[in-house]
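Shown next: work_0.txt, containing compact mmCIF, C-alpha atoms.
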# COMPACT_ATOMS: atom_id res chain seq x y z
CA MET D 843 87.80 21.80 29.57
CA LEU D 844 85.31 19.02 28.95
CA LYS D 845 84.32 18.82 25.33
CA LEU D 846 81.75 16.47 23.91
CA GLY D 847 82.83 14.43 20.97
CA GLY D 848 81.56 11.08 19.78
CA GLY D 849 79.13 10.96 22.69
CA LEU D 850 81.89 10.92 25.31
CA PRO D 851 83.71 13.80 27.03
CA ARG D 852 87.23 14.47 25.87
CA ILE D 853 89.56 15.03 28.80
CA LEU D 854 92.15 17.16 27.07
CA CYS D 855 92.01 19.39 24.04
CA GLY D 856 95.06 19.99 21.88
CA VAL D 857 97.47 18.37 24.37
CA SER D 858 99.50 15.20 24.07
CA SER D 859 97.51 12.58 25.96
CA SER D 860 100.68 10.63 26.66
CA THR D 861 101.88 13.56 28.76
CA TYR D 862 98.75 14.83 30.43
CA SER D 863 96.10 12.11 30.31
CA LEU D 864 94.09 11.31 33.39
CA ARG D 865 95.53 8.10 34.80
CA VAL D 866 92.76 5.70 35.74
CA LEU D 867 93.23 2.34 37.47
CA VAL D 868 90.18 0.09 37.25
CA GLY D 869 89.94 -2.73 39.79
CA VAL D 870 87.74 -5.56 38.55
CA THR D 871 86.45 -7.98 41.19
CA GLY D 872 84.61 -11.30 40.92
CA GLY D 873 80.98 -10.83 39.99
CA ILE D 874 78.90 -11.47 36.91
CA ALA D 875 78.83 -7.70 36.34
CA ALA D 876 82.53 -7.92 35.50
CA TYR D 877 81.54 -8.10 31.85
CA LYS D 878 80.20 -4.53 32.14
CA ALA D 879 83.61 -3.40 33.36
CA ALA D 880 84.91 -3.98 29.84
CA GLU D 881 82.49 -1.33 28.56
CA VAL D 882 83.56 1.05 31.31
CA VAL D 883 87.22 0.58 30.43
CA ARG D 884 86.51 1.02 26.73
CA GLY D 885 84.59 4.24 27.38
CA LEU D 886 87.31 5.71 29.58
CA VAL D 887 89.92 4.94 26.94
CA ARG D 888 87.78 6.60 24.28
CA ALA D 889 87.43 9.64 26.54
CA GLY D 890 91.20 10.08 26.45
CA ALA D 891 92.18 8.54 29.79
CA GLU D 892 95.26 6.39 30.31
CA VAL D 893 93.60 3.27 31.71
CA SER D 894 95.17 0.30 33.49
CA VAL D 895 93.38 -2.70 34.97
CA ALA D 896 93.95 -4.84 38.05
CA MET D 897 91.89 -7.99 38.58
CA THR D 898 91.17 -10.41 41.38
CA PRO D 899 91.52 -14.16 40.66
CA ALA D 900 87.72 -14.48 40.83
CA ALA D 901 87.25 -11.69 38.27
CA ALA D 902 89.55 -13.52 35.85
CA ARG D 903 87.11 -16.44 35.94
CA PHE D 904 84.33 -14.20 34.61
CA VAL D 905 86.27 -12.15 32.02
CA ALA D 906 89.61 -13.05 30.47
CA PRO D 907 92.42 -10.62 31.33
CA LEU D 908 93.25 -10.58 27.63
CA THR D 909 90.03 -8.61 27.08
CA PHE D 910 91.22 -5.73 29.24
CA ALA D 911 94.77 -5.91 27.87
CA ALA D 912 93.39 -5.53 24.36
CA LEU D 913 91.16 -2.59 25.35
CA THR D 914 93.89 -0.68 27.21
CA GLY D 915 97.05 -1.78 25.42
CA ARG D 916 98.58 -2.39 28.86
CA ARG D 917 99.42 -5.40 30.97
CA VAL D 918 96.69 -6.43 33.39
CA ARG D 919 97.77 -6.78 37.02
CA LEU D 920 96.67 -10.17 38.34
CA ASP D 921 99.11 -11.17 41.07
CA LEU D 922 100.95 -9.61 43.97
CA LEU D 923 104.20 -11.19 42.78
CA PRO D 924 105.96 -10.45 39.48
CA GLU D 925 104.47 -12.21 36.50
CA GLY D 926 106.46 -14.66 34.41
CA THR D 927 110.22 -14.44 34.66
CA SER D 928 110.49 -10.64 34.90
CA THR D 929 112.97 -9.44 37.53
CA GLU D 930 113.45 -5.84 36.40
CA GLY D 931 112.00 -2.41 37.01
CA LEU D 932 108.43 -1.77 38.07
CA ASP D 933 107.37 -5.27 37.03
CA LEU D 934 108.74 -6.35 40.40
CA TYR D 935 106.08 -4.34 42.21
CA PRO D 936 102.63 -5.04 40.72
CA HIS D 937 100.98 -3.70 43.89
CA LEU D 938 102.69 -0.33 43.40
CA GLU D 939 102.61 0.14 39.65
CA PRO D 940 100.39 1.64 38.29
CA ALA D 941 98.65 2.34 41.65
CA THR D 942 101.17 4.93 42.84
CA ARG D 943 100.66 6.95 39.64
CA ALA D 944 96.85 6.84 39.53
CA ASP D 945 94.66 9.94 39.50
CA VAL D 946 91.50 7.82 39.73
CA PHE D 947 90.87 4.37 41.22
CA LEU D 948 87.58 2.74 40.26
CA VAL D 949 86.48 -0.63 41.65
CA CYS D 950 83.99 -1.94 39.12
CA PRO D 951 82.18 -4.12 40.00
CA ALA D 952 82.72 -3.81 43.75
CA THR D 953 81.55 -7.04 45.37
CA ALA D 954 80.65 -7.41 49.03
CA ASP D 955 83.93 -9.24 49.58
CA ALA D 956 86.00 -6.51 47.92
CA ILE D 957 84.19 -3.76 49.84
CA ALA D 958 84.86 -5.54 53.14
CA LYS D 959 88.57 -5.89 52.34
CA LEU D 960 88.88 -2.27 51.27
CA ALA D 961 87.16 -1.10 54.45
CA ALA D 962 89.44 -3.24 56.63
CA GLY D 963 92.66 -2.46 54.76
CA ILE D 964 93.22 -6.07 53.73
CA ALA D 965 95.58 -6.42 50.77
CA ASP D 966 95.57 -10.02 49.56
CA ASP D 967 95.08 -9.47 45.81
CA ALA D 968 96.12 -7.01 43.11
CA VAL D 969 93.02 -4.85 43.54
CA THR D 970 93.00 -4.43 47.32
CA ALA D 971 96.78 -4.06 47.50
CA SER D 972 96.63 -1.33 44.87
CA ALA D 973 94.06 0.51 46.99
CA LEU D 974 96.61 0.90 49.79
CA ALA D 975 99.30 2.22 47.44
CA LEU D 976 97.29 5.05 45.89
CA PRO D 977 98.65 8.60 46.17
CA CYS D 978 96.69 10.95 48.42
CA HIS D 979 95.44 13.03 45.47
CA CYS D 980 93.85 9.97 43.82
CA SER D 981 90.04 9.96 43.82
CA ARG D 982 88.47 6.64 44.80
CA TRP D 983 85.21 5.25 43.39
CA LEU D 984 83.00 2.23 44.02
CA ALA D 985 80.44 0.70 41.64
CA PRO D 986 78.82 -1.95 43.90
CA ALA D 987 77.19 -5.04 42.43
CA MET D 988 75.70 -7.90 44.44
CA HIS D 989 72.49 -9.76 45.30
CA PRO D 990 69.84 -7.47 46.88
CA ALA D 991 69.95 -9.45 50.13
CA MET D 992 73.70 -8.92 50.34
CA TRP D 993 73.41 -5.21 49.56
CA SER D 994 70.85 -4.77 52.35
CA SER D 995 73.04 -6.61 54.86
CA PRO D 996 73.96 -4.33 57.79
CA VAL D 997 77.62 -5.34 57.66
CA VAL D 998 77.87 -4.47 53.95
CA ARG D 999 76.21 -1.11 54.56
CA ALA D 1000 78.56 -0.45 57.46
CA ASN D 1001 81.58 -1.20 55.28
CA VAL D 1002 80.28 1.10 52.53
CA GLU D 1003 79.67 3.87 55.05
CA ARG D 1004 83.19 3.47 56.38
CA LEU D 1005 84.64 3.86 52.91
CA GLU D 1006 82.44 6.85 52.09
CA THR D 1007 83.49 8.51 55.35
CA ALA D 1008 87.10 8.03 54.24
CA GLY D 1009 86.39 9.83 50.96
CA TRP D 1010 85.32 7.06 48.59
CA ARG D 1011 82.53 7.96 46.19
CA ARG D 1012 79.83 5.50 45.25
CA ILE D 1013 77.99 5.05 41.95
CA GLY D 1014 74.89 2.90 42.37
CA PRO D 1015 73.84 0.21 42.79
CA GLU D 1016 70.56 0.37 40.87
CA SER D 1017 67.35 -1.62 41.12
CA GLY D 1018 66.49 -4.20 38.50
CA ALA D 1019 66.69 -7.83 37.46
CA MET D 1020 69.73 -9.77 38.60
CA ALA D 1021 71.51 -12.56 36.73
CA CYS D 1022 70.23 -15.06 39.33
CA GLY D 1023 66.63 -14.02 38.66
CA ALA D 1024 66.19 -11.90 41.77
CA GLU D 1025 64.78 -8.37 41.61
CA GLY D 1026 65.85 -5.45 43.75
CA GLU D 1027 68.64 -2.99 44.53
CA GLY D 1028 72.09 -4.38 43.89
CA ARG D 1029 72.50 -4.21 40.13
CA MET D 1030 75.68 -2.43 39.01
CA ALA D 1031 75.13 0.99 37.46
CA GLU D 1032 75.24 1.09 33.69
CA PRO D 1033 78.65 1.78 32.10
CA ASP D 1034 77.59 5.15 30.60
CA ARG D 1035 76.56 6.43 34.02
CA ILE D 1036 79.80 5.23 35.65
CA ILE D 1037 81.93 6.87 32.96
CA ALA D 1038 79.99 10.14 33.14
CA ASP D 1039 80.05 10.30 36.95
CA VAL D 1040 83.77 9.58 37.21
CA LEU D 1041 84.75 12.13 34.56
CA ALA D 1042 82.35 14.76 35.93
CA GLY D 1043 83.69 14.17 39.44
CA CYS D 1044 87.26 14.54 38.26
CA PHE D 1045 86.44 17.75 36.36
CA ASP D 1046 84.07 19.45 38.78
CA LEU D 1047 85.84 22.78 38.18
CA ALA D 1048 85.54 22.76 34.38
CA GLY D 1049 85.06 26.31 33.09
CA ARG D 1050 86.19 27.93 36.36
CA ARG D 1051 89.11 30.34 36.72
CA PHE D 1052 91.64 30.49 39.56
CA VAL D 1053 94.24 33.17 40.25
CA ILE D 1054 96.93 31.97 42.67
CA LEU D 1055 99.66 34.11 44.20
CA SER D 1056 102.59 31.95 45.22
CA GLY D 1057 106.20 31.80 46.33
CA PRO D 1058 108.34 34.46 47.99
CA THR D 1059 109.14 37.97 46.82
CA ARG D 1060 112.64 39.45 46.69
CA GLU D 1061 113.21 43.09 47.57
CA PRO D 1062 116.59 44.35 46.28
CA VAL D 1063 119.08 45.87 48.67
CA ASP D 1064 121.73 46.50 46.03
CA ALA D 1065 122.89 44.88 42.81
CA VAL D 1066 123.58 41.49 44.48
CA ARG D 1067 121.63 41.39 47.76
CA TYR D 1068 117.93 41.18 48.54
CA LEU D 1069 115.46 40.68 51.40
CA SER D 1070 113.32 37.56 51.13
CA ASN D 1071 112.26 34.42 52.98
CA ALA D 1072 112.55 30.65 52.66
CA SER D 1073 109.22 30.03 50.91
CA SER D 1074 109.56 27.27 48.31
CA GLY D 1075 106.31 27.93 46.45
CA ARG D 1076 105.13 24.35 47.10
CA MET D 1077 101.76 25.40 48.52
CA GLY D 1078 100.81 27.50 45.54
CA ARG D 1079 102.12 24.85 43.18
CA GLU D 1080 99.95 22.12 44.70
CA ILE D 1081 96.83 24.31 44.69
CA ALA D 1082 97.42 25.22 41.05
CA LEU D 1083 97.90 21.60 40.00
CA GLU D 1084 94.88 20.36 41.95
CA ALA D 1085 92.61 23.02 40.44
CA ALA D 1086 93.95 22.37 36.94
CA ARG D 1087 93.54 18.61 37.27
CA ARG D 1088 89.90 19.21 38.07
CA GLY D 1089 89.27 21.32 34.98
CA ALA D 1090 89.96 24.90 36.09
CA ARG D 1091 92.03 27.41 34.14
CA VAL D 1092 94.73 28.74 36.45
CA LEU D 1093 96.85 31.88 36.41
CA LEU D 1094 99.78 31.33 38.77
CA ILE D 1095 101.58 34.54 39.72
CA SER D 1096 104.79 33.29 41.28
CA GLY D 1097 107.76 34.88 42.92
CA PRO D 1098 111.24 33.40 42.41
CA VAL D 1099 111.23 29.64 43.07
CA GLU D 1100 113.24 26.68 41.86
CA PRO D 1101 112.21 25.76 38.28
CA ALA D 1102 111.56 22.17 39.38
CA LEU D 1103 108.88 23.44 41.77
CA LEU D 1104 106.91 25.27 39.09
CA PRO D 1105 103.79 23.36 38.01
CA ARG D 1106 103.63 21.99 34.48
CA HIS D 1107 100.10 21.62 33.18
CA PRO D 1108 98.40 22.86 30.00
CA ALA D 1109 95.69 24.61 32.03
CA ILE D 1110 98.19 26.62 34.10
CA GLU D 1111 99.50 29.97 32.87
CA LEU D 1112 102.61 31.12 34.71
CA HIS D 1113 103.41 34.78 35.33
CA SER D 1114 106.78 35.24 37.05
CA VAL D 1115 107.49 38.25 39.25
CA THR D 1116 110.21 39.26 41.68
CA THR D 1117 109.07 42.02 44.02
CA ALA D 1118 105.88 42.63 46.00
CA ARG D 1119 105.02 45.59 43.78
CA GLU D 1120 105.36 43.44 40.68
CA MET D 1121 103.12 40.78 42.23
CA LEU D 1122 100.49 43.38 43.09
CA ALA D 1123 100.59 44.81 39.56
CA ALA D 1124 100.20 41.34 38.04
CA ALA D 1125 97.27 40.54 40.35
CA ARG D 1126 95.56 43.81 39.46
CA ALA D 1127 95.95 43.04 35.77
CA ALA D 1128 94.62 39.48 36.12
CA PRO D 1129 91.28 38.76 34.42
CA PRO D 1130 88.19 38.16 36.58
CA SER D 1131 88.31 34.84 38.38
CA ASP D 1132 86.04 32.59 40.39
CA VAL D 1133 88.68 32.06 43.08
CA ILE D 1134 91.77 34.01 44.10
CA VAL D 1135 94.23 32.38 46.49
CA PHE D 1136 96.74 34.51 48.40
CA ALA D 1137 99.35 31.82 49.07
CA ALA D 1138 102.45 33.94 48.48
CA ALA D 1139 104.95 34.65 51.26
CA VAL D 1140 105.38 38.33 50.49
CA ALA D 1141 108.36 40.08 52.06
CA ASP D 1142 107.01 42.53 54.65
CA ALA D 1143 109.66 45.19 54.10
CA ALA D 1144 111.85 46.53 51.31
CA PRO D 1145 114.82 48.90 51.26
CA ALA D 1146 113.66 52.48 50.73
CA ARG D 1147 116.40 53.16 48.18
CA PRO D 1148 118.10 50.09 46.69
CA ALA D 1149 121.64 50.80 45.61
CA ARG D 1150 122.48 50.42 41.95
CA GLY D 1151 125.86 48.88 42.62
CA LYS D 1152 127.13 46.59 45.36
CA LEU D 1153 127.27 48.23 48.76
CA SER D 1154 130.35 47.66 50.81
CA ARG D 1155 129.83 45.72 54.03
CA ASP D 1156 130.55 48.65 56.33
CA ARG D 1157 127.93 50.83 54.56
CA LEU D 1158 125.03 48.39 54.81
CA GLY D 1159 124.02 49.30 58.35
CA ARG D 1160 124.31 53.04 57.69
CA VAL D 1161 122.26 53.24 54.50
CA LEU D 1162 119.72 50.40 54.84
CA ARG D 1163 116.36 51.97 55.68
CA LEU D 1164 113.28 49.78 55.35
CA ILE D 1165 109.75 50.64 54.30
CA PRO D 1166 106.67 48.38 54.24
CA THR D 1167 105.88 46.53 51.06
CA PRO D 1168 102.34 46.74 49.65
CA ASP D 1169 99.71 44.63 51.41
CA ILE D 1170 98.57 42.80 48.30
CA ALA D 1171 95.33 41.31 49.63
CA ALA D 1172 94.29 44.58 51.25
CA SER D 1173 95.12 46.46 48.03
CA LEU D 1174 92.86 44.25 45.91
CA PRO D 1175 89.19 44.96 46.62
CA PRO D 1176 86.84 41.96 46.40
CA ARG D 1177 85.32 41.38 42.99
CA PRO D 1178 81.68 40.35 42.65
CA GLY D 1179 81.27 36.58 42.66
CA GLU D 1180 84.92 35.93 43.50
CA TYR D 1181 85.91 33.75 46.46
CA ARG D 1182 89.00 34.94 48.34
CA ILE D 1183 91.23 32.46 50.17
CA GLY D 1184 94.08 33.65 52.35
CA PHE D 1185 96.82 32.23 54.56
CA ALA D 1186 97.95 33.28 58.02
CA LEU D 1187 101.39 32.12 59.12
CA GLU D 1188 101.54 32.70 62.87
CA SER D 1189 103.70 31.60 65.79
CA GLY D 1190 101.92 29.96 68.69
CA ASP D 1191 98.13 29.63 68.51
CA GLY D 1192 97.65 32.62 66.19
CA ARG D 1193 93.89 32.16 65.79
CA ALA D 1194 92.94 35.61 67.01
CA ARG D 1195 95.34 37.29 64.59
CA ALA D 1196 94.18 35.04 61.75
CA ALA D 1197 90.55 35.91 62.51
CA ARG D 1198 91.33 39.63 62.31
CA LYS D 1199 93.11 39.06 59.03
CA LEU D 1200 90.12 37.12 57.68
CA ALA D 1201 87.83 40.06 58.35
CA ALA D 1202 90.19 42.89 57.42
CA LYS D 1203 91.11 41.45 54.04
CA HIS D 1204 87.64 40.21 53.15
CA PHE D 1205 88.66 36.59 52.89
CA ASP D 1206 86.01 33.91 52.58
CA LEU D 1207 88.38 31.26 53.94
CA ILE D 1208 91.64 31.56 55.85
CA VAL D 1209 94.18 28.79 56.34
CA LEU D 1210 96.33 28.94 59.45
CA ASN D 1211 99.79 27.40 59.66
CA GLY D 1212 103.06 27.94 61.49
CA PRO D 1213 106.64 28.96 60.64
CA GLU D 1214 107.66 25.28 60.34
CA SER D 1215 105.64 25.07 57.11
CA ILE D 1216 108.00 27.39 55.23
CA GLY D 1217 109.84 25.29 52.67
CA ALA D 1218 108.48 22.03 54.14
CA ASP D 1219 106.48 19.30 52.44
CA ALA D 1220 104.12 18.81 55.40
CA ALA D 1221 102.89 20.96 58.27
CA TRP D 1222 100.00 21.58 60.66
CA PHE D 1223 97.04 23.38 59.12
CA ALA D 1224 93.64 24.65 60.27
CA CYS D 1225 91.02 26.75 58.53
CA ALA D 1226 88.08 29.03 59.29
CA GLU D 1227 85.30 30.41 57.08
CA ALA D 1228 83.94 33.93 57.18
CA GLY D 1229 80.62 34.16 58.97
CA PRO D 1230 78.83 35.48 62.05
CA LYS D 1231 80.31 32.76 64.25
CA LEU D 1232 83.90 31.81 63.50
CA GLN D 1233 84.62 28.10 63.81
CA TRP D 1234 87.98 26.50 63.24
CA THR D 1235 88.44 23.17 61.51
CA GLU D 1236 91.72 21.42 62.27
CA TRP D 1237 93.25 19.50 59.38
CA GLY D 1238 96.17 18.44 61.56
CA ARG D 1239 99.61 17.64 60.23
CA ILE D 1240 99.17 16.90 56.54
CA THR D 1241 101.16 17.31 53.35
CA LYS D 1242 100.79 20.45 51.28
CA LEU D 1243 99.25 18.33 48.55
CA GLU D 1244 96.54 17.21 50.99
CA CYS D 1245 96.09 20.79 52.16
CA ALA D 1246 95.66 21.86 48.53
CA ARG D 1247 92.96 19.24 48.06
CA HIS D 1248 91.07 20.56 51.11
CA ILE D 1249 91.29 24.12 49.79
CA VAL D 1250 90.17 23.22 46.27
CA ASP D 1251 87.40 20.99 47.65
CA TRP D 1252 86.12 23.97 49.65
CA ALA D 1253 86.16 26.17 46.55
CA ALA D 1254 84.42 23.49 44.47
CA ARG D 1255 81.62 23.20 47.01
CA ARG D 1256 81.09 26.97 46.98
CA LEU D 1257 81.07 26.95 43.20
CA GLY D 1258 78.63 24.07 43.01
CA GLY D 1259 81.04 21.20 42.39
CA GLY D 1260 80.25 19.51 45.70
CA ARG D 1261 83.31 17.26 45.85
CA THR D 1262 84.61 16.18 49.27
CA ALA D 1263 88.22 15.61 50.28
CA THR D 1264 89.60 12.20 49.51
CA GLU D 1265 91.63 10.52 52.22
CA THR D 1266 93.56 7.29 52.10
CA PRO D 1267 91.46 4.68 53.94
In C-alpha cells, how does this file's structure come out?
Amino acid sequence: MLKLGGGLPRILCGVSSSTYSLRVLVGVTGGIAAYKAAEVVRGLVRAGAEVSVAMTPAAARFVAPLTFAALTGRRVRLDLLPEGTSTEGLDLYPHLEPATRADVFLVCPATADAIAKLAAGIADDAVTASALALPCHCSRWLAPAMHPAMWSSPVVRANVERLETAGWRRIGPESGAMACGAEGEGRMAEPDRIIADVLAGCFDLAGRRFVILSGPTREPVDAVRYLSNASSGRMGREIALEAARRGARVLLISGPVEPALLPRHPAIELHSVTTAREMLAAARAAPPSDVIVFAAAVADAAPARPARGKLSRDRLGRVLRLIPTPDIAASLPPRPGEYRIGFALESGDGRARAARKLAAKHFDLIVLNGPESIGADAAWFACAEAGPKLQWTEWGRITKLECARHIVDWAARRLGGGRTATETP
C-alpha cells in the first residue's frame, strides 16, 4: 500500500486522491519551530494527503498563514468565529471544519502552552478547539518543541503523559542547539522524521490481508420468506474500513445488508452472499490471510426443505422443519500464521459461554457483547485473549467504530504494528 516515489511514500496508488486521500489537519502553535511546520505540510501534501492547517494567533506571528494556504491550497483556520463576512455553510464553524473530517491531527510544533491546553480540554483557539471536535477514529500526534528547561518541567511531563495515556502519539523532541542558544532536549524533530512517523503510524498494516465475515444470513423458507436476524453489518463494516485505512487489503464476505452500510474503499473487496452455506463456501475459497474476523450474525437454523413457491399460511406450521446451519468458524480449521477473532453475543454475563467458544473455535481473541448491539451504533463490549489464564478487558459502552479500532489495534500489535487505541482526550 505504501509505495516509495520521489523520496516520500505515496498514500494511494491508482485511486483518485480527491476521493480517498488521508485527511490530515496540522495544528501550528507559537514557537520558532513553526517554520519547520511548513516543510512538514509540504511533505504530507507531496505524499498524497489532503492537508488543512489551523494556527494559533502566536503561530501567525512566526509564519504567515498565507504560506500554509499556498502549500495546501486551502484556507487556514485562524479564529473560532467565521472569517470575513461569510455567513454560509461550514465557514460558520471553523472549530468543526475540517476537524470533524480529519483522519490525522498533528500539532507541530506543540508548545508547552498548547500541550497544557490539550491535556486540560481548553479550547480557546482554532487548534485546541479543533482537538475537541476530532472524530474518534482520528489519530492524534504531538511534535513538541520548547526550551530544555521547559521540557524537563514536571508539569509539562505530566501533561504529556496525560495525553499519551489518552492515545496521543509523540514524535520527539530531540537534543540539539536551540534558537536561543541553549543546548539540550527540546528541539522539534526534523520534518522528514515527522512525516515518516505519521505515515507509517497510519499505515501500520500495509501489506497485511484481512478476511472479514459480516452481516446476517438469510435462510429461505419459500419463494418470499426467510429466517434471519436484525444484524445491520455495521460491525464488520467498521472493522473493514479501519483495517483498510491502515493499509491492509480486505476481503469482506457480507450477508444481505443495506447498500449504504457497505464500506467503500479501494482496498476492500466485497463478496456478497445470502445463506450460511454460501458464506462458508466463500470463506473456504478466500486466499490466505493474516487475520480472519468472524463478525457475521449467522442464522442458527434453516428450513430443511425450502419450498419453491409461496407456502400458504396454514401450511407453514405443518411443513416447516428446521435443521442447524453450518458452524462457519468451527468448519474452518486455523491456518498457520493466521489470527482468528470471533464474537460472542450472549444474554446476561455470558463470559463462561464466550470462554468455551474461544477455546472450541480456536480463536485468538473473542469479543463479547449483548443482544442490544444488534443493529445499534453503540453497545457494551468486552474482550478476552486465548491463553493459560483467561482475563477479560472491559471496553464499556462504546460505538462500533471505537470497537473496530480496538480490534484492529489488537491485530496490529500481534502483527508487529504496535499501534494503541486512540481515544478522545
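What separates CA of Phe1205 (chain D) from CA of Arg1088 (chain D) is a distance of 22.9 Å.
Straight-line separation from CA of Pro1145 (chain D) to CA of Glu1061 (chain D): 7.1 Å.
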Ala975 (chain D): which residues within 9 Å, counting only C-alpha atoms, same-chain residues fewer than 6 positions away excluded, as number ranges by chain?
D: 937-939, 941-942, 1266
Pick out the residues sitting within 10 Å of Asp1169 (chain D), and hand them over as a PDB file with C-alpha atoms, keeping the file's coordinate frame; count only C-alpha atoms, and ignore anything fewer than 3 positions along from it in its own chain.
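The result, stored in out-v8.pdb:
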ATOM      1  CA  ALA D1118     105.880  42.630  46.000  1.00  0.00           C
ATOM      2  CA  ARG D1119     105.020  45.590  43.780  1.00  0.00           C
ATOM      3  CA  LEU D1122     100.490  43.380  43.090  1.00  0.00           C
ATOM      4  CA  VAL D1140     105.380  38.330  50.490  1.00  0.00           C
ATOM      5  CA  ALA D1141     108.360  40.080  52.060  1.00  0.00           C
ATOM      6  CA  ASP D1142     107.010  42.530  54.650  1.00  0.00           C
ATOM      7  CA  PRO D1166     106.670  48.380  54.240  1.00  0.00           C
ATOM      8  CA  ALA D1172      94.290  44.580  51.250  1.00  0.00           C
ATOM      9  CA  SER D1173      95.120  46.460  48.030  1.00  0.00           C
ATOM     10  CA  LEU D1174      92.860  44.250  45.910  1.00  0.00           C
ATOM     11  CA  LYS D1203      91.110  41.450  54.040  1.00  0.00           C
TER      12      LYS D1203
END
As JSON: centre and edge lengths in Å, one decimal, of the axis-aligned box holding region 933-944 of chain D with 5 Å per side:
{"center_x": 102.8, "center_y": 0.3, "center_z": 40.5, "size_x": 21.9, "size_y": 23.3, "size_z": 16.9}
Contact residues around Leu1104 (chain D) with only C-alpha atoms at 12 Å, ignoring same-chain residues under 6 positions, as a JSON list (two decimals) with C-alpha atoms, keeping the file's coordinate frame:
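Final output, out11.json:
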[["chain", "number", "residue", "atom", "x", "y", "z"],
["D", 1056, "SER", "CA", 102.59, 31.95, 45.22],
["D", 1057, "GLY", "CA", 106.20, 31.80, 46.33],
["D", 1074, "SER", "CA", 109.56, 27.27, 48.31],
["D", 1075, "GLY", "CA", 106.31, 27.93, 46.45],
["D", 1076, "ARG", "CA", 105.13, 24.35, 47.10],
["D", 1077, "MET", "CA", 101.76, 25.40, 48.52],
["D", 1078, "GLY", "CA", 100.81, 27.50, 45.54],
["D", 1079, "ARG", "CA", 102.12, 24.85, 43.18],
["D", 1080, "GLU", "CA", 99.95, 22.12, 44.70],
["D", 1081, "ILE", "CA", 96.83, 24.31, 44.69],
["D", 1082, "ALA", "CA", 97.42, 25.22, 41.05],
["D", 1083, "LEU", "CA", 97.90, 21.60, 40.00],
["D", 1094, "LEU", "CA", 99.78, 31.33, 38.77],
["D", 1095, "ILE", "CA", 101.58, 34.54, 39.72],
["D", 1096, "SER", "CA", 104.79, 33.29, 41.28],
["D", 1097, "GLY", "CA", 107.76, 34.88, 42.92],
["D", 1098, "PRO", "CA", 111.24, 33.40, 42.41],
["D", 1110, "ILE", "CA", 98.19, 26.62, 34.10],
["D", 1111, "GLU", "CA", 99.50, 29.97, 32.87],
["D", 1112, "LEU", "CA", 102.61, 31.12, 34.71],
["D", 1113, "HIS", "CA", 103.41, 34.78, 35.33],
["D", 1114, "SER", "CA", 106.78, 35.24, 37.05]]
Just want the 7 Å neighbourhood of region 900-904 of chain D, counted on all atoms listed in the file, with same-chain residues fewer than 6 positions away dropped. Output as a list in words.
Val870, Thr871, Gly872, Gly873, Ile874 and Ala876 of chain D
Keeping only C-alpha atoms, take the residues you just selected and write them out as a PDB file, in the frame of the given file.
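Result written to again.pdb:
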ATOM      1  CA  VAL D 870      87.740  -5.560  38.550  1.00  0.00           C
ATOM      2  CA  THR D 871      86.450  -7.980  41.190  1.00  0.00           C
ATOM      3  CA  GLY D 872      84.610 -11.300  40.920  1.00  0.00           C
ATOM      4  CA  GLY D 873      80.980 -10.830  39.990  1.00  0.00           C
ATOM      5  CA  ILE D 874      78.900 -11.470  36.910  1.00  0.00           C
ATOM      6  CA  ALA D 876      82.530  -7.920  35.500  1.00  0.00           C
TER       7      ALA D 876
END
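Atom pair CA of Glu1227 (chain D) / CA of Val1133 (chain D) has a distance of 14.5 Å (rounded to one decimal).
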Out of D:Arg884, D:Leu920, D:Leu1164, D:Leu1005, which residue has the shortest atom-to-atom distance to Gly963 (chain D) when counting all atoms listed in the file?
D:Leu1005
Residues proximal to (104.2, 28.9, 52.7) were defined as those with any atom within 7 Å of that point in the file's coordinates, counting only C-alpha atoms. Which are they, as a list in words?
Ser1073, Gly1075, Met1077, Ala1137, Ala1138, Ala1139, Ser1215, Ile1216 and Gly1217 of chain D
Just-selected residues, C-alpha atoms written as a PDB file, in the frame of the given file:
ATOM      1  CA  SER D1073     109.220  30.030  50.910  1.00  0.00           C
ATOM      2  CA  GLY D1075     106.310  27.930  46.450  1.00  0.00           C
ATOM      3  CA  MET D1077     101.760  25.400  48.520  1.00  0.00           C
ATOM      4  CA  ALA D1137      99.350  31.820  49.070  1.00  0.00           C
ATOM      5  CA  ALA D1138     102.450  33.940  48.480  1.00  0.00           C
ATOM      6  CA  ALA D1139     104.950  34.650  51.260  1.00  0.00           C
ATOM      7  CA  SER D1215     105.640  25.070  57.110  1.00  0.00           C
ATOM      8  CA  ILE D1216     108.000  27.390  55.230  1.00  0.00           C
ATOM      9  CA  GLY D1217     109.840  25.290  52.670  1.00  0.00           C
TER      10      GLY D1217
END
For Val949 (chain D), please output as a ChimeraX atom specification all residues within 9 Å (counting all atoms listed in the file; exclusion window: fewer than 3 positions along the same chain).
/D:867-871,952-953,956,969,982-986
Every residue with an atom at most 12 Å from (88.8, 42.5, 47.4) (file coordinates; only C-alpha atoms) is what I'm after, so could you write them as a ChimeraX atom specification?
/D:1125-1126,1130-1131,1133-1136,1169-1184,1200-1206
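Restricting the calculation to only C-alpha atoms, the smallest distance between Arg1147 (chain D) and any of D:Gly1026, D:Pro1062, D:Gly890, D:Pro1033 is found for D:Pro1062.
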Here is a test: counting all atoms listed in the file, which residue of D:Phe1052, D:Ala954, D:Pro1058, D:Pro936 is nearest to Pro1129 (chain D)?
D:Phe1052
Would you mind telling me which residue in D:Val1040, D:Cys1225, D:Val866, D:Val1161 lies nearest to Arg1012 (chain D) when using all atoms listed in the file?
D:Val1040
